[in-house]
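Enquirer: Okay, so here is structure_10.cif, and as you'll see once you scroll down, it has mmCIF, C-alpha atoms and all ligand atoms.
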data_entry
#
loop_
_atom_site.label_atom_id
_atom_site.label_comp_id
_atom_site.auth_asym_id
_atom_site.auth_seq_id
_atom_site.Cartn_x
_atom_site.Cartn_y
_atom_site.Cartn_z
CA MET A 18 69.89 306.16 57.80
CA THR A 19 70.84 304.93 61.25
CA GLU A 20 72.30 306.97 64.10
CA PRO A 21 75.93 307.96 63.42
CA VAL A 22 78.49 306.15 65.56
CA ILE A 23 81.17 308.66 64.57
CA ALA A 24 80.41 312.21 63.47
CA LEU A 25 83.11 314.79 62.72
CA ARG A 26 81.89 318.19 61.59
CA GLY A 27 84.27 320.88 60.41
CA VAL A 28 87.12 319.43 62.44
CA ARG A 29 90.39 321.31 62.45
CA ALA A 30 93.59 320.27 64.18
CA GLU A 31 97.07 321.73 64.28
CA LEU A 32 100.20 319.83 65.22
CA GLY A 33 103.09 322.02 66.14
CA SER A 34 101.84 325.14 64.41
CA ARG A 35 100.99 323.29 61.23
CA PRO A 36 97.35 322.82 60.19
CA VAL A 37 96.90 319.06 59.71
CA LEU A 38 93.10 318.81 59.56
CA ARG A 39 91.54 321.77 57.77
CA GLY A 40 87.85 321.34 58.42
CA ILE A 41 86.88 317.72 57.78
CA ASP A 42 83.45 316.09 57.88
CA LEU A 43 83.35 312.35 58.49
CA THR A 44 80.32 310.29 59.43
CA VAL A 45 80.25 306.56 60.12
CA HIS A 46 76.84 304.98 60.64
CA ARG A 47 76.05 301.91 62.71
CA GLY A 48 77.12 298.74 60.92
CA GLU A 49 79.06 300.59 58.24
CA VAL A 50 82.63 299.77 57.21
CA VAL A 51 84.35 302.96 56.11
CA ALA A 52 87.88 303.18 54.68
CA LEU A 53 89.88 306.34 55.25
CA LEU A 54 92.34 306.69 52.38
CA GLY A 55 94.93 309.21 51.30
CA ALA A 56 98.63 309.72 50.72
CA ASN A 57 101.14 309.68 53.56
CA GLY A 58 100.85 312.86 55.60
CA SER A 59 97.31 313.66 54.41
CA GLY A 60 96.00 313.53 58.00
CA LYS A 61 94.44 310.05 58.27
CA SER A 62 96.04 309.09 61.59
CA THR A 63 95.37 312.56 62.99
CA ALA A 64 91.70 312.24 62.01
CA VAL A 65 91.22 308.91 63.82
CA ARG A 66 93.26 310.12 66.78
CA SER A 67 90.96 313.13 67.04
CA VAL A 68 88.05 310.69 67.32
CA ILE A 69 89.54 308.93 70.33
CA GLY A 70 90.77 312.14 71.95
CA GLN A 71 94.50 311.72 71.38
CA VAL A 72 94.71 314.90 69.31
CA PRO A 73 93.25 318.23 70.41
CA VAL A 74 90.69 319.67 68.02
CA SER A 75 90.90 323.44 67.48
CA ALA A 76 87.52 323.82 65.77
CA GLY A 77 84.52 321.73 64.85
CA GLU A 78 82.73 318.93 66.64
CA VAL A 79 83.43 315.25 67.31
CA ASP A 80 80.58 313.00 68.46
CA LEU A 81 80.81 309.34 69.47
CA PHE A 82 77.58 307.36 69.69
CA GLY A 83 75.72 310.66 69.58
CA VAL A 84 77.61 312.14 72.54
CA PRO A 85 80.17 314.98 72.30
CA ARG A 86 83.55 313.33 72.71
CA ARG A 87 84.45 315.44 75.74
CA ARG A 88 81.49 313.94 77.58
CA PHE A 89 81.89 310.41 76.20
CA ARG A 90 82.90 307.89 78.88
CA ASP A 91 81.89 304.52 77.47
CA TRP A 92 85.30 303.61 76.05
CA ALA A 93 84.66 299.88 76.32
CA ARG A 94 82.43 300.36 73.25
CA VAL A 95 85.44 301.47 71.22
CA GLY A 96 88.33 299.27 70.11
CA TYR A 97 91.36 301.10 68.72
CA VAL A 98 94.32 299.56 66.93
CA PRO A 99 97.01 302.25 66.51
CA GLN A 100 99.33 302.49 63.55
CA ARG A 101 102.22 300.19 64.32
CA THR A 102 105.61 301.78 64.72
CA THR A 103 108.95 300.02 64.70
CA ALA A 104 110.00 301.57 68.02
CA ALA A 105 110.58 298.84 70.58
CA GLY A 106 108.75 299.20 73.88
CA GLY A 107 110.20 298.74 77.36
CA VAL A 108 109.72 295.45 79.19
CA PRO A 109 108.45 292.79 76.79
CA ALA A 110 104.96 291.64 77.70
CA THR A 111 103.42 288.28 76.90
CA VAL A 112 100.73 287.92 74.27
CA THR A 113 98.14 287.29 76.99
CA GLU A 114 99.17 290.40 78.92
CA VAL A 115 98.82 292.63 75.89
CA VAL A 116 95.41 291.24 74.96
CA SER A 117 94.25 291.38 78.60
CA SER A 118 95.05 295.11 78.68
CA GLY A 119 92.31 295.55 76.09
CA ARG A 120 89.82 293.96 78.44
CA LEU A 121 90.47 296.34 81.35
CA ALA A 122 87.65 298.71 80.37
CA ARG A 123 85.16 295.85 80.82
CA THR A 124 86.42 294.72 84.22
CA ARG A 125 85.43 296.08 87.60
CA PHE A 126 88.42 297.77 89.19
CA GLY A 127 90.70 295.85 86.82
CA LEU A 128 89.82 292.55 88.47
CA PHE A 129 89.80 289.67 86.01
CA ARG A 130 86.99 287.18 86.31
CA ARG A 131 86.38 284.02 84.39
CA ALA A 132 84.36 285.86 81.70
CA ASP A 133 87.28 288.25 81.14
CA ARG A 134 89.82 285.45 80.79
CA GLU A 135 87.42 283.73 78.42
CA ALA A 136 87.04 286.89 76.31
CA VAL A 137 90.83 287.17 76.04
CA ARG A 138 91.10 283.51 75.02
CA GLN A 139 88.38 283.93 72.39
CA ALA A 140 90.00 287.05 70.93
CA LEU A 141 93.29 285.15 70.60
CA GLU A 142 91.43 282.23 69.06
CA LEU A 143 89.83 284.58 66.49
CA VAL A 144 93.15 285.89 65.23
CA GLY A 145 94.78 282.45 65.32
CA MET A 146 97.21 283.26 68.12
CA ALA A 147 95.89 281.05 70.94
CA ASP A 148 98.92 278.78 70.73
CA ARG A 149 101.24 281.76 71.34
CA ALA A 150 99.40 283.03 74.42
CA LYS A 151 102.37 282.64 76.78
CA ASP A 152 105.04 283.91 74.38
CA SER A 153 106.73 287.29 74.68
CA VAL A 154 105.45 289.71 72.02
CA ASP A 155 109.11 290.35 71.17
CA ALA A 156 109.31 286.88 69.68
CA LEU A 157 106.56 287.55 67.11
CA SER A 158 106.70 288.51 63.45
CA GLY A 159 105.17 291.81 62.32
CA GLY A 160 102.00 290.10 61.16
CA GLN A 161 101.64 288.12 64.39
CA HIS A 162 102.21 291.26 66.41
CA GLN A 163 99.48 293.04 64.50
CA ARG A 164 97.11 290.10 65.13
CA VAL A 165 97.80 290.46 68.87
CA LEU A 166 97.01 294.20 68.74
CA ILE A 167 93.74 293.41 66.99
CA ALA A 168 92.93 290.72 69.57
CA ARG A 169 93.56 293.35 72.24
CA ALA A 170 90.98 295.64 70.62
CA LEU A 171 88.51 292.75 70.24
CA ALA A 172 88.85 291.56 73.84
CA ALA A 173 86.42 294.20 75.07
CA ALA A 174 83.86 293.18 72.41
CA PRO A 175 83.69 296.75 71.03
CA GLU A 176 80.78 298.00 68.95
CA LEU A 177 83.11 300.35 67.09
CA LEU A 178 86.48 299.22 65.79
CA ILE A 179 89.01 301.80 64.59
CA MET A 180 92.17 300.46 62.97
CA ASP A 181 95.03 302.53 61.60
CA GLU A 182 96.72 300.76 58.68
CA PRO A 183 96.12 297.25 60.03
CA MET A 184 97.63 295.62 56.95
CA ALA A 185 100.89 297.59 56.87
CA GLY A 186 103.91 295.35 57.22
CA VAL A 187 101.74 292.26 57.61
CA ASP A 188 102.56 289.05 55.74
CA LEU A 189 99.96 287.56 53.38
CA ALA A 190 98.95 284.74 55.75
CA SER A 191 98.28 287.22 58.54
CA GLN A 192 96.44 289.52 56.11
CA ALA A 193 94.05 286.71 55.24
CA ILE A 194 93.43 286.02 58.94
CA LEU A 195 92.85 289.72 59.59
CA ALA A 196 90.36 289.93 56.73
CA ASP A 197 88.49 286.89 58.14
CA THR A 198 88.53 288.39 61.63
CA LEU A 199 87.14 291.66 60.34
CA ARG A 200 84.46 289.90 58.30
CA HIS A 201 83.42 288.08 61.48
CA GLN A 202 83.20 291.35 63.45
CA VAL A 203 81.14 292.97 60.71
CA SER A 204 78.76 289.98 60.57
CA GLU A 205 78.28 290.39 64.33
CA GLY A 206 77.22 293.99 63.73
CA ALA A 207 80.42 295.92 64.42
CA THR A 208 80.93 299.40 62.98
CA VAL A 209 84.40 299.84 61.48
CA LEU A 210 86.63 302.77 60.52
CA LEU A 211 89.79 301.60 58.78
CA VAL A 212 92.76 303.70 57.75
CA LEU A 213 94.20 302.02 54.69
CA HIS A 214 96.89 302.66 52.18
CA GLU A 215 95.11 300.53 49.64
CA LEU A 216 91.87 298.57 49.79
CA GLY A 217 93.59 295.25 49.09
CA PRO A 218 92.04 292.10 50.57
CA LEU A 219 89.58 294.17 52.62
CA GLU A 220 87.95 295.68 49.55
CA PRO A 221 84.87 293.38 49.57
CA LEU A 222 84.04 294.51 53.11
CA ILE A 223 84.17 298.26 52.48
CA ASP A 224 80.89 300.15 52.17
CA ARG A 225 82.29 303.64 51.66
CA ALA A 226 85.58 305.40 51.25
CA VAL A 227 86.65 308.82 52.45
CA VAL A 228 89.79 310.15 50.80
CA LEU A 229 91.87 312.87 52.47
CA ARG A 230 94.25 315.20 50.75
CA ASP A 231 96.23 317.79 52.72
CA GLY A 232 93.81 317.65 55.64
CA CYS A 233 90.66 318.06 53.53
CA VAL A 234 88.09 315.52 52.34
CA LEU A 235 88.57 314.98 48.63
CA HIS A 236 86.07 312.16 48.09
CA ASP A 237 83.30 310.59 50.16
CA GLY A 238 81.37 307.81 48.49
CA PRO A 239 81.81 304.43 46.87
CA PRO A 240 85.31 302.98 47.20
CA PRO A 241 87.40 304.23 44.27
CA LYS A 242 87.93 301.50 41.70
CA ALA A 243 91.33 299.87 41.52
CA VAL A 244 92.52 302.06 44.31
CA GLY A 245 96.06 301.47 45.32
CA GLN A 246 98.96 303.53 46.42
CA HIS A 247 99.42 304.71 42.85
CA ALA A 248 95.83 305.83 42.52
CA LEU A 249 95.87 307.98 45.62
CA PRO A 250 96.44 311.71 45.66
CA GLY A 251 100.09 312.49 46.02
CA HIS A 252 100.97 309.30 44.20
CA ASP A 253 100.27 310.41 40.65
CA HIS A 254 101.90 307.66 38.75
CA VAL A 255 103.37 308.10 35.33
CA HIS A 256 103.97 304.78 33.67
CA PRO A 257 107.65 304.48 32.88
CA HIS A 258 106.84 302.72 29.61
CA ALA A 259 104.56 305.49 28.32
CA PRO A 260 105.75 306.34 24.80
CA ALA A 261 107.55 309.68 24.63
CA GLY A 262 105.34 312.63 23.76
CA THR A 263 102.07 310.97 24.80
CA GLU A 264 99.86 312.10 27.65
CA PRO A 265 101.02 310.36 30.84
CA ILE A 266 98.70 307.53 31.85
CA ARG A 267 97.32 308.19 35.27
CA THR A 268 95.93 305.22 37.10
CA GLY A 269 92.81 305.31 39.17
CA LEU A 270 89.78 307.47 39.57
CA LEU A 271 91.36 310.11 41.74
CA SER A 272 94.69 310.86 40.21
N1 LIG B 1 103.00 314.90 66.65
C1 LIG B 1 103.13 315.63 65.53
N2 LIG B 1 103.71 316.87 65.54
C2 LIG B 1 103.82 317.60 64.42
N3 LIG B 1 103.39 317.20 63.22
C3 LIG B 1 102.81 316.00 63.13
C4 LIG B 1 102.65 315.14 64.28
N4 LIG B 1 102.03 314.00 63.88
C5 LIG B 1 101.83 314.13 62.55
N5 LIG B 1 102.29 315.32 62.10
C6 LIG B 1 102.21 315.81 60.73
O1 LIG B 1 100.86 315.90 60.37
C7 LIG B 1 100.66 315.50 59.02
C8 LIG B 1 99.62 314.42 58.96
O2 LIG B 1 100.08 313.29 59.65
P1 LIG B 1 99.23 311.97 59.79
O3 LIG B 1 97.89 312.29 60.34
O4 LIG B 1 100.07 311.01 60.54
O5 LIG B 1 99.07 311.53 58.27
P2 LIG B 1 98.76 310.09 57.65
O6 LIG B 1 98.29 309.19 58.73
O7 LIG B 1 97.73 310.37 56.60
O8 LIG B 1 100.05 309.63 57.04
C9 LIG B 1 102.01 315.06 58.52
O9 LIG B 1 102.55 316.09 57.76
C10 LIG B 1 102.82 314.84 59.76
O10 LIG B 1 104.16 315.12 59.52
MG MG B 2 99.05 307.41 59.48
#
Output the structure of this file as structure tokens.
Ligand SMILES: Nc1ncnc2c1ncn2[C@@H]1O[C@H](COP(=O)(O)OP(=O)(O)O)[C@@H](O)[C@H]1O
Ligand SMILES: [Mg+2]
Expert:
Amino acid sequence: MTEPVIALRGVRAELGSRPVLRGIDLTVHRGEVVALLGANGSGKSTAVRSVIGQVPVSAGEVDLFGVPRRRFRDWARVGYVPQRTTAAGGVPATVTEVVSSGRLARTRFGLFRRADREAVRQALELVGMADRAKDSVDALSGGQHQRVLIARALAAAPELLIMDEPMAGVDLASQAILADTLRHQVSEGATVLLVLHELGPLEPLIDRAVVLRDGCVLHDGPPPKAVGQHALPGHDHVHPHAPAGTEPIRTGLLS
């Protein structure tokens, strides 16, 4: 076993006065690709946001690269792609501006040098958006927008990549590009924590799956077979064509 890149031990978090994480353990080792699964509201986003310090933790410990998160300063090692919301931002930025913002942690005093501009260009190249570099992000489709957010995370060449539902609302062409991009990062040695609704096209890349239910870890091990929205806790799926009087067919390992 290698040194953990992410280690959560007994982590609890409350939002409002509601317990959202009720003592979760989550470890991601160097070079691993871990999927965080679970029904809507099970605490997936809160768990990853606790890793990057966007959610206060009321109990337990969070370590990043072996350092307690409160003392961790090396944020250029971490790329984070938040869950996309439909809320429109303020002033529309260009694709290059958004991706450049992801490079700031690697610059000195925010001053862009040739290597920084090159890193931004390469990240855009990787996600197939180089030809849209000067466009306003407002003009992009959902899938293209997501590719830009991923390029922003990649621009700092992070060792750890955390993505919250990167495939949600993304067209099939963009999904294929995202899967290729991720495969490339993994082959370069990146460690990845992915929040997913279903394994989908990323399934071949996933080493381990952690399934949350109501803020607790329900499963930690091999990716559940044929996992999909229907197979996840909270999505118990009764086939509509089940003959009357028979036991409902439940799909998936975990339902
Ligand atoms: N800022 C917030 N304030 C209060 N409750 C929240 C907040 N964010 C999320 N929650 C609640 O916490 C629970 C878990 O949310 P979340 O971590 O986003 O779940 P998931 O990502 O698995 O869908 C949900 O019930 C949600 O309504
Ligand atoms: Mg979420």
Enquirer: Which neighbours of A:Ala156 fall inside 10 Å, counting all atoms listed in the file, when residues of the same chain fewer than 3 positions from it are skipped, and could you give them as JSON, numbers by chain?
Expert: {"A": [109, 111, 112, 149, 152, 153, 159, 161, 162]}
Enquirer: Which residues of chain A come within 10 Å of ligand MG 2 (chain B), and for each one, what is the closest pair of atoms and their distance in Å to one decimal, counting only C-alpha atoms and all ligand atoms, sorted by chain and residue number, as JSON lines?
Expert:
{"residue": "A:Leu54", "atom": "CA", "partner": "B:MG2", "partner_atom": "MG", "distance": 9.8}
{"residue": "A:Gly55", "atom": "CA", "partner": "B:MG2", "partner_atom": "MG", "distance": 9.3}
{"residue": "A:Ala56", "atom": "CA", "partner": "B:MG2", "partner_atom": "MG", "distance": 9.1}
{"residue": "A:Asn57", "atom": "CA", "partner": "B:MG2", "partner_atom": "MG", "distance": 6.7}
{"residue": "A:Gly58", "atom": "CA", "partner": "B:MG2", "partner_atom": "MG", "distance": 6.9}
{"residue": "A:Ser59", "atom": "CA", "partner": "B:MG2", "partner_atom": "MG", "distance": 8.2}
{"residue": "A:Gly60", "atom": "CA", "partner": "B:MG2", "partner_atom": "MG", "distance": 7.0}
{"residue": "A:Lys61", "atom": "CA", "partner": "B:MG2", "partner_atom": "MG", "distance": 5.4}
{"residue": "A:Ser62", "atom": "CA", "partner": "B:MG2", "partner_atom": "MG", "distance": 4.0}
{"residue": "A:Thr63", "atom": "CA", "partner": "B:MG2", "partner_atom": "MG", "distance": 7.2}
{"residue": "A:Ala64", "atom": "CA", "partner": "B:MG2", "partner_atom": "MG", "distance": 9.2}
{"residue": "A:Val65", "atom": "CA", "partner": "B:MG2", "partner_atom": "MG", "distance": 9.1}
{"residue": "A:Arg66", "atom": "CA", "partner": "B:MG2", "partner_atom": "MG", "distance": 9.7}
{"residue": "A:Pro99", "atom": "CA", "partner": "B:MG2", "partner_atom": "MG", "distance": 9.0}
{"residue": "A:Gln100", "atom": "CA", "partner": "B:MG2", "partner_atom": "MG", "distance": 6.4}
{"residue": "A:Arg101", "atom": "CA", "partner": "B:MG2", "partner_atom": "MG", "distance": 9.3}
{"residue": "A:Asp181", "atom": "CA", "partner": "B:MG2", "partner_atom": "MG", "distance": 6.7}
{"residue": "A:Glu182", "atom": "CA", "partner": "B:MG2", "partner_atom": "MG", "distance": 7.1}
{"residue": "A:Val212", "atom": "CA", "partner": "B:MG2", "partner_atom": "MG", "distance": 7.5}
{"residue": "A:Leu213", "atom": "CA", "partner": "B:MG2", "partner_atom": "MG", "distance": 8.7}
{"residue": "A:His214", "atom": "CA", "partner": "B:MG2", "partner_atom": "MG", "distance": 9.0}
Enquirer: Using C-alpha atoms, can you write the selected residues to a file as a PDB file, in the coordinates of the input?
Expert:
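As written to disk, out29.pdb reads:
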ATOM      1  CA  LEU A  54      92.340 306.690  52.380  1.00  0.00           C
ATOM      2  CA  GLY A  55      94.930 309.210  51.300  1.00  0.00           C
ATOM      3  CA  ALA A  56      98.630 309.720  50.720  1.00  0.00           C
ATOM      4  CA  ASN A  57     101.140 309.680  53.560  1.00  0.00           C
ATOM      5  CA  GLY A  58     100.850 312.860  55.600  1.00  0.00           C
ATOM      6  CA  SER A  59      97.310 313.660  54.410  1.00  0.00           C
ATOM      7  CA  GLY A  60      96.000 313.530  58.000  1.00  0.00           C
ATOM      8  CA  LYS A  61      94.440 310.050  58.270  1.00  0.00           C
ATOM      9  CA  SER A  62      96.040 309.090  61.590  1.00  0.00           C
ATOM     10  CA  THR A  63      95.370 312.560  62.990  1.00  0.00           C
ATOM     11  CA  ALA A  64      91.700 312.240  62.010  1.00  0.00           C
ATOM     12  CA  VAL A  65      91.220 308.910  63.820  1.00  0.00           C
ATOM     13  CA  ARG A  66      93.260 310.120  66.780  1.00  0.00           C
ATOM     14  CA  PRO A  99      97.010 302.250  66.510  1.00  0.00           C
ATOM     15  CA  GLN A 100      99.330 302.490  63.550  1.00  0.00           C
ATOM     16  CA  ARG A 101     102.220 300.190  64.320  1.00  0.00           C
ATOM     17  CA  ASP A 181      95.030 302.530  61.600  1.00  0.00           C
ATOM     18  CA  GLU A 182      96.720 300.760  58.680  1.00  0.00           C
ATOM     19  CA  VAL A 212      92.760 303.700  57.750  1.00  0.00           C
ATOM     20  CA  LEU A 213      94.200 302.020  54.690  1.00  0.00           C
ATOM     21  CA  HIS A 214      96.890 302.660  52.180  1.00  0.00           C
TER      22      HIS A 214
END
Enquirer: To one decimal place in Å, what is the distance between atom C6 of ligand LIG 1 (chain B) and atom CA of A:Leu38?
Expert: 9.7 Å
Enquirer: Quick one: residues within 6 Å of A:Ala140, only C-alpha atoms counted, chain neighbours fewer than 5 positions away excluded, as a list in words?
Expert: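 The neighbour list is Ala168, Leu171 and Ala172 of chain A.
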Enquirer: Name all residues at most 12 Å from A:Glu20 (count all atoms listed in the file; drop same-chain ones fewer than 5 positions away) and give them as a list of chain:residue names.
Expert: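 What passes the distance filter is A:Thr44, A:Val45, A:His46, A:Arg47, A:Gly48, A:Glu49, A:Asp80, A:Leu81, A:Phe82, A:Gly83, A:Val84, A:Thr208.
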Enquirer: Can you write just those residues out, C-alpha atoms, as a compact mmCIF listing (two decimals), in the frame of the given file?
Expert:
# COMPACT_ATOMS: atom_id res chain seq x y z
CA THR A 44 80.32 310.29 59.43
CA VAL A 45 80.25 306.56 60.12
CA HIS A 46 76.84 304.98 60.64
CA ARG A 47 76.05 301.91 62.71
CA GLY A 48 77.12 298.74 60.92
CA GLU A 49 79.06 300.59 58.24
CA ASP A 80 80.58 313.00 68.46
CA LEU A 81 80.81 309.34 69.47
CA PHE A 82 77.58 307.36 69.69
CA GLY A 83 75.72 310.66 69.58
CA VAL A 84 77.61 312.14 72.54
CA THR A 208 80.93 299.40 62.98
Enquirer: Using only C-alpha atoms, which residues sit within 6 Å of stretch 219-230 of chain A once same-chain residues fewer than 4 positions away are excluded, as a tab-separated table (two decimals) with C-alpha atoms, in the coordinates of the input?
Expert:
chain	number	residue	atom	x	y	z
A	50	VAL	CA	82.63	299.77	57.21
A	51	VAL	CA	84.35	302.96	56.11
A	52	ALA	CA	87.88	303.18	54.68
A	53	LEU	CA	89.88	306.34	55.25
A	54	LEU	CA	92.34	306.69	52.38
A	55	GLY	CA	94.93	309.21	51.30
A	59	SER	CA	97.31	313.66	54.41
A	196	ALA	CA	90.36	289.93	56.73
A	234	VAL	CA	88.09	315.52	52.34
A	235	LEU	CA	88.57	314.98	48.63
A	236	HIS	CA	86.07	312.16	48.09
A	237	ASP	CA	83.30	310.59	50.16
A	238	GLY	CA	81.37	307.81	48.49
A	239	PRO	CA	81.81	304.43	46.87
A	240	PRO	CA	85.31	302.98	47.20
Enquirer: At what distance in Å, to one decimal, does atom CA of A:Val95 lie from atom CA of A:Gly160?
Expert: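 Atom CA of A:Val95 lies at a distance of 22.5 Å from atom CA of A:Gly160.
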Enquirer: So which one's closest to ligand LIG 1 (chain B), A:Ala173, A:Val116, A:Cys233, A:Leu141? Using only C-alpha atoms and all ligand atoms, please.
Expert: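 Among the listed residues, the smallest separation from ligand LIG 1 (chain B) belongs to A:Cys233.
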Enquirer: I'd like to know which of A:Ser158, A:Ser34, A:Gln202, A:Ser117 is closest to ligand LIG 1 (chain B), using all atoms listed in the file.
Expert: A:Ser34
Enquirer: Which value, in Å to one decimal, gives the distance between atom CA of A:Leu178 and atom CA of A:Arg35?
Expert: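 Atom-to-atom, atom CA of A:Leu178 and atom CA of A:Arg35 are spaced 28.5 Å apart.
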Enquirer: Quick one: of A:Ala207, A:Met180, A:Ala110, A:Ala147, who's nearest to ligand LIG 1 (chain B), counting all atoms listed in the file?
Expert: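 Result for the nearest residue to ligand LIG 1 (chain B): A:Met180.
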Enquirer: Nearest to A:Lys151 among A:Arg90, A:Arg138, A:His201, A:Arg39, with distances taken over all atoms listed in the file: which residue is it?
Expert: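 Closest residue, counting all atoms listed in the file: A:Arg138.
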Enquirer: Might you pull out every residue within 12 Å of A:Ser191, with only C-alpha atoms counted and same-chain residues fewer than 6 positions away left off, and present them as a PyMOL selection string?
Expert: chain A and resi 143-146+157-165+167+183-185+197-198+218
Enquirer: Nearest to ligand LIG 1 (chain B) among A:Gly119, A:Gly206, A:Gly217, A:Pro73, with distances taken over all atoms listed in the file: which residue is it?
Expert: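 Using all atoms listed in the file, the shortest distance to ligand LIG 1 (chain B) belongs to A:Pro73.
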Enquirer: Which is closest to A:Gln71 among A:Ile41, A:Leu32, A:Gly27, A:Arg131, if we use all atoms listed in the file?
Expert: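 Under the stated criterion, the closest residue is A:Leu32.
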